[in-house]
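J.: Structure file my_file-v6.cif (mmCIF, C-alpha atoms (C1' of nucleotides)) is given on the next line.
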data_coords
loop_
_atom_site.label_atom_id
_atom_site.label_comp_id
_atom_site.auth_asym_id
_atom_site.auth_seq_id
_atom_site.Cartn_x
_atom_site.Cartn_y
_atom_site.Cartn_z
CA MET P 1 -11.93 -12.10 22.33
CA SER P 2 -13.89 -12.53 19.16
CA ALA P 3 -13.93 -16.29 19.31
CA ASN P 4 -13.18 -18.06 16.13
CA SER P 5 -14.73 -21.27 14.91
CA ARG P 6 -12.49 -21.62 11.85
CA LEU P 7 -10.08 -24.03 13.52
CA THR P 8 -13.00 -26.12 14.76
CA ILE P 9 -14.69 -26.32 11.37
CA ALA P 10 -11.41 -27.07 9.59
CA ALA P 11 -10.65 -29.90 12.02
CA HIS P 12 -14.20 -31.17 11.57
CA ALA P 13 -13.79 -31.25 7.81
CA LEU P 14 -10.45 -33.03 7.95
CA ALA P 15 -11.71 -35.65 10.38
CA TRP P 16 -14.78 -36.16 8.22
CA ILE P 17 -12.74 -36.64 5.04
CA GLY P 18 -10.37 -38.98 6.83
CA LEU P 19 -13.15 -41.19 8.15
CA TYR P 20 -14.95 -41.12 4.81
CA GLN P 21 -11.85 -42.35 3.01
CA ARG P 22 -11.34 -45.13 5.55
CA GLN P 23 -14.83 -46.24 4.68
CA GLY P 24 -13.64 -46.79 1.12
CA HIS P 25 -14.75 -43.62 -0.60
CA GLU P 26 -12.53 -41.77 -3.01
CA VAL P 27 -13.48 -38.14 -2.60
CA ALA P 28 -15.69 -36.12 -0.29
CA THR P 29 -17.91 -33.29 -1.51
CA SER P 30 -18.23 -29.95 0.21
CA GLU P 31 -21.96 -30.51 0.34
CA LYS P 32 -21.68 -33.68 2.43
CA ILE P 33 -19.13 -32.11 4.77
CA ALA P 34 -21.31 -29.02 5.13
CA ALA P 35 -24.28 -31.21 6.06
CA SER P 36 -22.26 -32.79 8.87
CA ALA P 37 -21.01 -29.42 10.13
CA ASN P 38 -24.46 -27.87 9.64
CA THR P 39 -23.24 -24.96 7.57
CA ASN P 40 -23.04 -23.83 3.97
CA PRO P 41 -20.94 -25.70 1.36
CA VAL P 42 -19.23 -22.46 0.36
CA VAL P 43 -17.93 -22.03 3.90
CA ILE P 44 -16.40 -25.50 3.66
CA ARG P 45 -14.93 -24.85 0.22
CA ARG P 46 -13.35 -21.63 1.43
CA LEU P 47 -11.73 -23.31 4.41
CA LEU P 48 -10.61 -26.36 2.45
CA GLY P 49 -9.15 -24.03 -0.15
CA GLU P 50 -6.87 -22.61 2.54
CA LEU P 51 -5.97 -26.13 3.64
CA ARG P 52 -5.16 -26.99 0.03
CA ARG P 53 -2.84 -24.01 -0.24
CA ALA P 54 -1.12 -25.37 2.87
CA GLY P 55 -0.74 -28.77 1.22
CA LEU P 56 -3.05 -30.64 3.60
CA VAL P 57 -5.80 -31.61 1.15
CA GLU P 58 -6.28 -31.94 -2.60
CA SER P 59 -9.28 -31.19 -4.75
CA ARG P 60 -10.48 -32.59 -8.04
CA ARG P 61 -12.82 -30.76 -10.37
CA GLY P 62 -15.14 -31.96 -13.05
CA ALA P 63 -17.58 -34.84 -12.68
CA GLY P 64 -16.96 -37.06 -9.66
CA ALA P 65 -15.03 -34.23 -8.14
CA GLY P 66 -14.37 -33.58 -4.47
CA TRP P 67 -11.77 -33.42 -1.75
CA SER P 68 -9.21 -35.89 -0.46
CA LEU P 69 -6.39 -35.83 2.08
CA ALA P 70 -2.95 -34.92 0.75
CA ARG P 71 -1.33 -36.35 3.89
CA GLU P 72 -2.18 -38.97 6.45
CA LEU P 73 -4.26 -37.79 9.41
CA GLY P 74 -1.42 -38.89 11.66
CA SER P 75 0.99 -36.47 10.01
CA ILE P 76 -1.28 -33.44 10.18
CA THR P 77 -1.23 -31.48 13.43
CA LEU P 78 -3.58 -28.82 14.72
CA LEU P 79 -0.68 -26.39 14.30
CA ASP P 80 -0.69 -27.08 10.54
CA VAL P 81 -4.41 -26.35 10.48
CA TYR P 82 -4.08 -23.33 12.74
CA GLU P 83 -1.42 -21.75 10.56
CA ALA P 84 -3.48 -22.46 7.46
CA VAL P 85 -6.73 -20.90 8.63
CA GLU P 86 -5.91 -18.40 11.38
CA ALA P 87 -4.47 -15.11 10.34
CA GLY P 88 -2.92 -12.83 12.88
CA PRO P 89 -1.36 -12.89 16.31
CA LEU P 90 -3.31 -13.78 19.43
CA PHE P 91 -2.89 -10.36 21.01
CA ALA P 92 -2.49 -7.03 19.27
CA MET P 93 -0.48 -3.95 20.10
CA HIS P 94 -1.93 -0.45 20.29
CA ARG P 95 -3.78 0.61 17.17
CA THR P 96 -1.83 3.85 17.15
CA THR P 97 1.77 4.34 18.25
CA PRO P 98 1.92 5.23 21.95
CA ASP P 99 3.58 8.48 23.05
CA GLN P 100 7.29 7.86 22.50
CA GLY P 101 8.09 10.79 24.76
CA CYS P 102 6.62 8.87 27.72
CA VAL P 103 8.77 6.21 29.35
CA VAL P 104 5.90 3.75 29.47
CA GLY P 105 4.68 4.64 26.00
CA HIS P 106 8.16 4.05 24.67
CA GLY P 107 8.90 0.77 26.38
CA ILE P 108 5.52 -0.93 26.48
CA GLN P 109 5.54 -2.41 23.01
CA PRO P 110 8.93 -4.15 23.22
CA ALA P 111 7.96 -5.45 26.65
CA MET P 112 4.61 -6.87 25.55
CA ARG P 113 6.00 -8.18 22.30
CA GLY P 114 8.46 -10.37 24.17
CA ILE P 115 5.76 -11.70 26.47
CA TYR P 116 3.35 -12.37 23.64
CA GLN P 117 5.94 -14.15 21.54
CA ASP P 118 6.67 -16.47 24.44
CA ILE P 119 2.97 -17.24 24.87
CA GLU P 120 2.34 -17.86 21.19
CA GLU P 121 5.36 -20.13 21.07
CA THR P 122 3.82 -22.19 23.84
CA LEU P 123 0.47 -22.27 22.06
CA ARG P 124 2.14 -23.56 18.91
CA HIS P 125 3.92 -26.30 20.82
CA LYS P 126 0.62 -27.44 22.29
CA LEU P 127 -1.11 -27.41 18.91
CA ALA P 128 1.79 -29.27 17.30
CA ARG P 129 1.37 -32.14 19.74
CA VAL P 130 -2.19 -32.93 18.62
CA THR P 131 -2.58 -34.80 15.34
CA LEU P 132 -5.79 -35.06 13.40
CA GLU P 133 -5.47 -38.79 13.95
CA LYS P 134 -5.92 -38.15 17.66
CA VAL P 135 -8.79 -35.78 16.98
CA LEU P 136 -10.60 -38.47 15.00
CA ARG P 137 -9.86 -41.00 17.73
CA ASP P 138 -11.40 -38.65 20.31
CA VAL P 139 -14.36 -38.06 18.02
CA LEU P 140 -15.05 -41.78 17.71
CA ALA P 141 -14.62 -42.21 21.47
CA ALA P 142 -17.54 -39.90 22.23
CA PRO P 143 -20.36 -41.80 23.96
CA ARG P 144 -23.27 -42.75 21.74
CA GLN P 145 -26.49 -40.87 22.16
CA PRO P 146 -28.64 -42.91 24.56
CA LEU P 147 -32.10 -43.72 23.25
CA MET Y 148 -8.22 -14.14 14.84
CA SER Y 149 -9.50 -10.67 15.40
CA ALA Y 150 -6.55 -9.56 17.42
CA ASN Y 151 -7.33 -7.77 20.58
CA SER Y 152 -5.44 -4.85 22.03
CA ARG Y 153 -7.41 -4.74 25.27
CA LEU Y 154 -4.86 -6.72 27.26
CA THR Y 155 -2.07 -4.51 25.91
CA ILE Y 156 -3.85 -1.26 26.77
CA ALA Y 157 -4.85 -2.52 30.21
CA ALA Y 158 -1.27 -3.53 30.99
CA HIS Y 159 -0.11 -0.17 29.69
CA ALA Y 160 -2.48 1.65 32.01
CA LEU Y 161 -1.50 -0.40 35.05
CA ALA Y 162 2.22 0.06 34.42
CA TRP Y 163 1.66 3.77 33.91
CA ILE Y 164 -0.27 4.17 37.19
CA GLY Y 165 2.33 2.11 39.02
CA LEU Y 166 5.23 4.21 37.79
CA TYR Y 167 3.30 7.42 38.42
CA GLN Y 168 2.66 6.46 42.02
CA ARG Y 169 6.31 5.57 42.54
CA GLN Y 170 7.10 9.09 41.43
CA GLY Y 171 5.10 10.35 44.40
CA HIS Y 172 1.74 11.13 42.83
CA GLU Y 173 -1.51 10.18 44.50
CA VAL Y 174 -3.87 9.47 41.63
CA ALA Y 175 -3.65 9.22 37.86
CA THR Y 176 -6.27 10.65 35.53
CA SER Y 177 -7.66 8.85 32.53
CA GLU Y 178 -6.64 11.81 30.41
CA LYS Y 179 -2.94 11.47 31.26
CA ILE Y 180 -2.99 7.72 30.73
CA ALA Y 181 -4.81 8.15 27.44
CA ALA Y 182 -2.14 10.61 26.28
CA SER Y 183 0.55 8.02 26.94
CA ALA Y 184 -1.39 5.26 25.16
CA ASN Y 185 -2.40 7.66 22.37
CA THR Y 186 -6.09 6.93 22.64
CA ASN Y 187 -9.26 8.43 24.06
CA PRO Y 188 -9.78 8.89 27.83
CA VAL Y 189 -13.11 7.09 27.62
CA VAL Y 190 -11.38 3.97 26.31
CA ILE Y 191 -9.11 4.09 29.36
CA ARG Y 192 -11.99 4.68 31.77
CA ARG Y 193 -13.90 1.73 30.31
CA LEU Y 194 -10.94 -0.61 30.67
CA LEU Y 195 -10.03 0.64 34.15
CA GLY Y 196 -13.66 0.21 35.14
CA GLU Y 197 -13.34 -3.49 34.37
CA LEU Y 198 -10.09 -3.65 36.32
CA ARG Y 199 -11.82 -1.95 39.25
CA ARG Y 200 -14.59 -4.55 39.18
CA ALA Y 201 -11.83 -7.16 39.38
CA GLY Y 202 -10.33 -5.42 42.41
CA LEU Y 203 -7.09 -4.38 40.72
CA VAL Y 204 -7.53 -0.59 40.84
CA GLU Y 205 -9.59 1.97 42.72
CA SER Y 206 -11.11 5.22 41.55
CA ARG Y 207 -11.98 8.44 43.32
CA ARG Y 208 -14.51 10.92 42.04
CA GLY Y 209 -15.00 14.59 42.71
CA ALA Y 210 -12.22 17.15 42.60
CA GLY Y 211 -8.70 15.74 42.64
CA ALA Y 212 -10.17 12.49 41.42
CA GLY Y 213 -8.44 9.73 39.51
CA TRP Y 214 -7.17 6.16 39.62
CA SER Y 215 -4.82 4.30 41.93
CA LEU Y 216 -3.67 0.73 42.31
CA ALA Y 217 -5.65 -1.47 44.69
CA ARG Y 218 -2.80 -4.00 44.84
CA GLU Y 219 0.95 -3.92 44.39
CA LEU Y 220 2.19 -4.38 40.83
CA GLY Y 221 4.06 -7.44 42.04
CA SER Y 222 0.84 -9.15 43.10
CA ILE Y 223 -1.04 -8.49 39.87
CA THR Y 224 -0.49 -10.98 37.06
CA LEU Y 225 -1.38 -10.79 33.40
CA LEU Y 226 -3.87 -13.55 34.12
CA ASP Y 227 -5.72 -11.21 36.50
CA VAL Y 228 -5.81 -8.58 33.77
CA TYR Y 229 -6.72 -11.09 31.08
CA GLU Y 230 -9.66 -12.41 33.05
CA ALA Y 231 -10.81 -8.89 33.81
CA VAL Y 232 -10.81 -7.56 30.25
CA GLU Y 233 -11.09 -10.54 27.91
CA ALA Y 234 -14.46 -12.14 27.55
CA GLY Y 235 -14.80 -15.49 25.89
CA PRO Y 236 -12.79 -18.57 25.07
CA LEU Y 237 -9.86 -18.54 22.65
CA PHE Y 238 -11.54 -20.85 20.16
CA ALA Y 239 -15.22 -21.27 19.47
CA MET Y 240 -17.33 -24.28 18.59
CA HIS Y 241 -19.66 -24.42 15.61
CA ARG Y 242 -22.21 -21.61 15.50
CA THR Y 243 -24.96 -24.13 14.93
CA THR Y 244 -25.12 -27.63 16.35
CA PRO Y 245 -23.48 -30.14 13.97
CA ASP Y 246 -25.49 -33.07 12.62
CA GLN Y 247 -25.90 -35.38 15.61
CA GLY Y 248 -26.79 -38.21 13.27
CA CYS Y 249 -23.27 -38.13 11.83
CA VAL Y 250 -20.51 -39.82 13.80
CA VAL Y 251 -18.15 -36.90 13.30
CA GLY Y 252 -20.85 -34.31 13.89
CA HIS Y 253 -21.73 -36.04 17.12
CA GLY Y 254 -18.24 -36.47 18.52
CA ILE Y 255 -16.40 -33.40 17.27
CA GLN Y 256 -17.49 -30.99 19.97
CA PRO Y 257 -16.51 -33.13 22.98
CA ALA Y 258 -13.20 -33.87 21.26
CA MET Y 259 -12.34 -30.26 20.50
CA ARG Y 260 -13.61 -29.08 23.88
CA GLY Y 261 -11.08 -31.26 25.64
CA ILE Y 262 -8.25 -30.05 23.44
CA TYR Y 263 -9.19 -26.41 23.81
CA GLN Y 264 -9.51 -26.65 27.58
CA ASP Y 265 -6.03 -28.06 27.78
CA ILE Y 266 -4.65 -25.25 25.64
CA GLU Y 267 -6.41 -22.50 27.55
CA GLU Y 268 -5.18 -23.98 30.80
CA THR Y 269 -1.64 -23.68 29.49
CA LEU Y 270 -2.25 -20.12 28.38
CA ARG Y 271 -3.49 -19.21 31.85
CA HIS Y 272 -0.42 -20.73 33.48
CA LYS Y 273 1.82 -18.66 31.25
CA LEU Y 274 -0.12 -15.47 31.93
CA ALA Y 275 -0.11 -16.17 35.66
CA ARG Y 276 3.67 -16.26 35.73
CA VAL Y 277 4.04 -12.68 34.50
CA THR Y 278 3.46 -9.95 37.07
CA LEU Y 279 2.85 -6.33 36.21
CA GLU Y 280 5.99 -5.66 38.23
CA LYS Y 281 7.93 -7.60 35.59
CA VAL Y 282 6.10 -5.81 32.80
CA LEU Y 283 7.13 -2.44 34.24
CA ARG Y 284 10.68 -3.69 34.65
CA ASP Y 285 10.75 -4.75 30.98
CA VAL Y 286 9.26 -1.40 29.99
CA LEU Y 287 11.98 0.52 31.81
CA ALA Y 288 14.64 -1.77 30.32
CA ALA Y 289 13.78 -0.71 26.77
CA PRO Y 290 16.69 1.10 25.13
CA ARG Y 291 16.41 4.86 25.03
CA GLN Y 292 15.66 6.51 21.73
CA PRO Y 293 19.02 7.50 20.23
CA LEU Y 294 19.26 11.15 19.19
"C1'" DT I 295 -21.08 27.24 44.51
"C1'" DC I 296 -17.53 26.01 41.33
"C1'" DC I 297 -14.76 22.87 38.90
"C1'" DG I 298 -12.30 18.79 37.44
"C1'" DT I 299 -12.90 14.00 36.94
"C1'" DT I 300 -15.39 9.74 36.85
"C1'" DG I 301 -19.23 6.82 35.00
"C1'" DT I 302 -21.88 5.70 31.28
"C1'" DA I 303 -24.98 6.10 27.41
"C1'" DA I 304 -25.18 6.66 22.52
"C1'" DC I 305 -23.61 6.65 17.89
"C1'" DG I 306 -20.65 5.83 13.88
"C1'" DA I 307 -16.47 3.63 11.74
"C1'" DT I 308 -13.93 -0.28 11.16
"C1'" DT I 309 -13.00 -5.05 10.87
"C1'" DA I 310 -13.73 -10.19 10.86
"C1'" DT I 311 -16.61 -13.95 10.25
"C1'" DC I 312 -20.33 -16.25 8.44
"C1'" DG I 313 -24.28 -17.41 5.42
"C1'" DT I 314 -26.10 -17.06 0.99
"C1'" DT I 315 -26.75 -16.50 -4.07
"C1'" DA I 316 -24.78 -16.63 -8.38
"C1'" DC I 317 -22.03 -18.13 -12.03
"C1'" DG I 318 -17.92 -19.40 -14.67
"C1'" DA I 319 -14.42 -23.30 -14.98
"C1'" DC I 320 -13.46 -27.84 -15.18
"C1'" DA I 321 -13.54 -32.86 -16.26
"C1'" DG I 322 -15.55 -37.27 -16.55
"C1'" DC I 323 -19.24 -39.72 -19.03
"C1'" DC I 324 -22.76 -40.84 -22.28
"C1'" DG Q 325 -19.60 -32.82 -28.39
"C1'" DG Q 326 -22.88 -31.88 -25.08
"C1'" DC Q 327 -24.57 -33.00 -20.26
"C1'" DT Q 328 -23.90 -32.89 -15.53
"C1'" DG Q 329 -22.00 -32.41 -11.01
"C1'" DT Q 330 -18.63 -30.10 -8.38
"C1'" DC Q 331 -15.14 -26.81 -7.53
"C1'" DG Q 332 -13.53 -21.83 -7.27
"C1'" DT Q 333 -14.64 -17.43 -6.31
"C1'" DA Q 334 -16.91 -13.00 -6.46
"C1'" DA Q 335 -20.44 -10.30 -4.32
"C1'" DC Q 336 -23.58 -8.88 -0.85
"C1'" DG Q 337 -25.89 -8.64 3.61
"C1'" DA Q 338 -26.16 -9.91 8.60
"C1'" DT Q 339 -23.98 -10.11 12.81
"C1'" DA Q 340 -20.80 -9.03 16.33
"C1'" DA Q 341 -16.65 -7.01 18.66
"C1'" DT Q 342 -13.72 -3.23 19.25
"C1'" DC Q 343 -12.59 1.36 19.14
"C1'" DG Q 344 -13.02 6.45 18.90
"C1'" DT Q 345 -15.86 10.17 19.89
"C1'" DT Q 346 -19.39 13.35 21.88
"C1'" DA Q 347 -22.29 14.32 25.48
"C1'" DC Q 348 -23.83 14.75 30.01
"C1'" DA Q 349 -25.14 13.46 34.73
"C1'" DA Q 350 -22.93 12.42 39.27
"C1'" DC Q 351 -19.70 13.21 42.55
"C1'" DG Q 352 -16.83 15.54 45.98
"C1'" DG Q 353 -13.16 18.56 47.44
"C1'" DA Q 354 -11.93 23.51 47.64
#
Mind converting the file's structure to structure tokens?
T.:
Amino acid sequence: MSANSRLTIAAHALAWIGLYQRQGHEVATSEKIAASANTNPVVIRRLLGELRRAGLVESRRGAGAGWSLARELGSITLLDVYEAVEAGPLFAMHRTTPDQGCVVGHGIQPAMRGIYQDIEETLRHKLARVTLEKVLRDVLAAPRQPL
Amino acid sequence: MSANSRLTIAAHALAWIGLYQRQGHEVATSEKIAASANTNPVVIRRLLGELRRAGLVESRRGAGAGWSLARELGSITLLDVYEAVEAGPLFAMHRTTPDQGCVVGHGIQPAMRGIYQDIEETLRHKLARVTLEKVLRDVLAAPRQPL
DNA sequence: TCCGTTGTAACGATTATCGTTACGACAGCC
DNA sequence: GGCTGTCGTAACGATAATCGTTACAACGGA
């Protein structure tokens, strides 16, 4: 499975913005977030743009511009983020239509589709039970680096 | 998520071999399976090779060669197949280490790791509850093509 | 010895993600 | 009104995974 870090980075950005705002700041810049995630600001802007389209964050342009949460961390779930930044289904069908003249070729797609739908439903339920508030709590609970 | 058809094709191949053997045949060839899945025999051989390494199928070479099940369809689960053909974790961490001097950068990976492990555990439980026997049953239950 | 199939290497096509550079658009501020 | 900092987005290359394909050696029964 071509593992995807988009959900991780998006959660990172949201947690970062949330903590930054609790520290009294108005808006967060993609450059500061990118420094924390150790990546390029454009990568952050692209991801946050998808989160904005999903109504999770807002952006201001012009001088003193940046990003802010559109909703409380406690009301945003990983499912919201997942649906905003992850495209397709977990598992794919055949690239080309199987032989419909074969019993297996004819019945395999309906069979797998039902199984996959059940699994993805479960995945969504799990993701929906984790708020970004909890993510930030877990982040802050990580043990400090010992000197 | 770059959706993956490997699990689908592997399940297809196993169901096909299982049905073929119930029809009285000894071994199945990669060419026949590939015709049903509408793909190339080498793709099938590669996937079945991974299933053989996992102890799910056996292969014979020489004349009259081909593939046969190493275990009953009822004792093979989608989790067995998933572990045999799917490589990495569902979700990935950052490509580069986040800024350890930042509170979020320092705590995000442990936090997400815990969440992801929980989700993957759930996925495995779901996959483990589906046998290839059930897959074949679902395949055969698909409505016939109306003429 | 012959022949059909596996086992596997090699290559190209396709696709997704990521990093990077570049630049126009925007809005507050002097 | 111009300056400045940031967003928004296009464009390109690098990387990696999967898939399809060709090719060929290895094997083993007839």
J.: Could you make a table, as JSON lines, of the residues of chain P that have an atom within 9 Å of an atom of chain Q, each with its nearest atom pair and distance in Å to one decimal, counting all atoms listed in the file, in chain and number order?
T.:
{"residue": "P:Met1", "atom": "CA", "partner": "Q:DA341", "partner_atom": "C1'", "distance": 7.9}
{"residue": "P:Ser2", "atom": "CA", "partner": "Q:DA341", "partner_atom": "C1'", "distance": 6.2}
{"residue": "P:Thr29", "atom": "CA", "partner": "Q:DT330", "partner_atom": "C1'", "distance": 7.6}
{"residue": "P:Ser30", "atom": "CA", "partner": "Q:DT330", "partner_atom": "C1'", "distance": 8.6}
{"residue": "P:Arg45", "atom": "CA", "partner": "Q:DC331", "partner_atom": "C1'", "distance": 8.0}
{"residue": "P:Arg46", "atom": "CA", "partner": "Q:DG332", "partner_atom": "C1'", "distance": 8.7}
{"residue": "P:Gly49", "atom": "CA", "partner": "Q:DG332", "partner_atom": "C1'", "distance": 8.6}
{"residue": "P:Ser59", "atom": "CA", "partner": "Q:DC331", "partner_atom": "C1'", "distance": 7.8}
{"residue": "P:Arg60", "atom": "CA", "partner": "Q:DC331", "partner_atom": "C1'", "distance": 7.4}
{"residue": "P:Arg61", "atom": "CA", "partner": "Q:DC331", "partner_atom": "C1'", "distance": 5.4}
{"residue": "P:Gly62", "atom": "CA", "partner": "Q:DT330", "partner_atom": "C1'", "distance": 6.1}
{"residue": "P:Ala63", "atom": "CA", "partner": "Q:DG329", "partner_atom": "C1'", "distance": 5.3}
{"residue": "P:Gly64", "atom": "CA", "partner": "Q:DG329", "partner_atom": "C1'", "distance": 7.0}
{"residue": "P:Ala65", "atom": "CA", "partner": "Q:DT330", "partner_atom": "C1'", "distance": 5.5}
{"residue": "P:Gly66", "atom": "CA", "partner": "Q:DT330", "partner_atom": "C1'", "distance": 6.7}
J.: At a cut-off of 8 Å, list the chain P residues touching chain Y, using only C-alpha atoms, as a ChimeraX atom specification.
T.: /P:1-5,7-9,12,15-16,35-39,86-99,102-112,119,122-123,126-127,135-136,138-143
J.: Between Y:Gln264, Y:Gln168, Y:Pro188, Y:Glu173, which residue has the minimum interatomic distance to chain I, considering all atoms listed in the file?
T.: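 Result for the nearest residue to chain I: Y:Pro188.
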J.: Decode the PyMOL selection byres ((chain I) within 7 of (chain Y)) for the given file into explicit residues and return them as a list in words.
T.: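 Going through the file, the PyMOL selection byres ((chain I) within 7 of (chain Y)) ends up selecting DG298, DT299, DT300 and DA310 of chain I.
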J.: Expressed in Å to a single decimal, how great is the separation between atom CA of P:Leu69 and atom CA of P:Leu56?
T.: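 These two atoms are separated by 6.4 Å.
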J.: Take atom CA of P:Gly55 and atom C1' of I:DG322 and report the distance between them in Å, one decimal.
T.: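 These two atoms are separated by 24.6 Å.
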J.: Using Å and a single decimal, report how far atom CA of P:Glu133 sits from atom CA of P:Ala10.
T.: 13.8 Å
J.: Would you please work out which residue, of Y:Asn187, Y:Arg169, Y:Thr224, Y:Ala231, is nearest to Y:Arg276 when using only C-alpha atoms?
T.: Y:Thr224
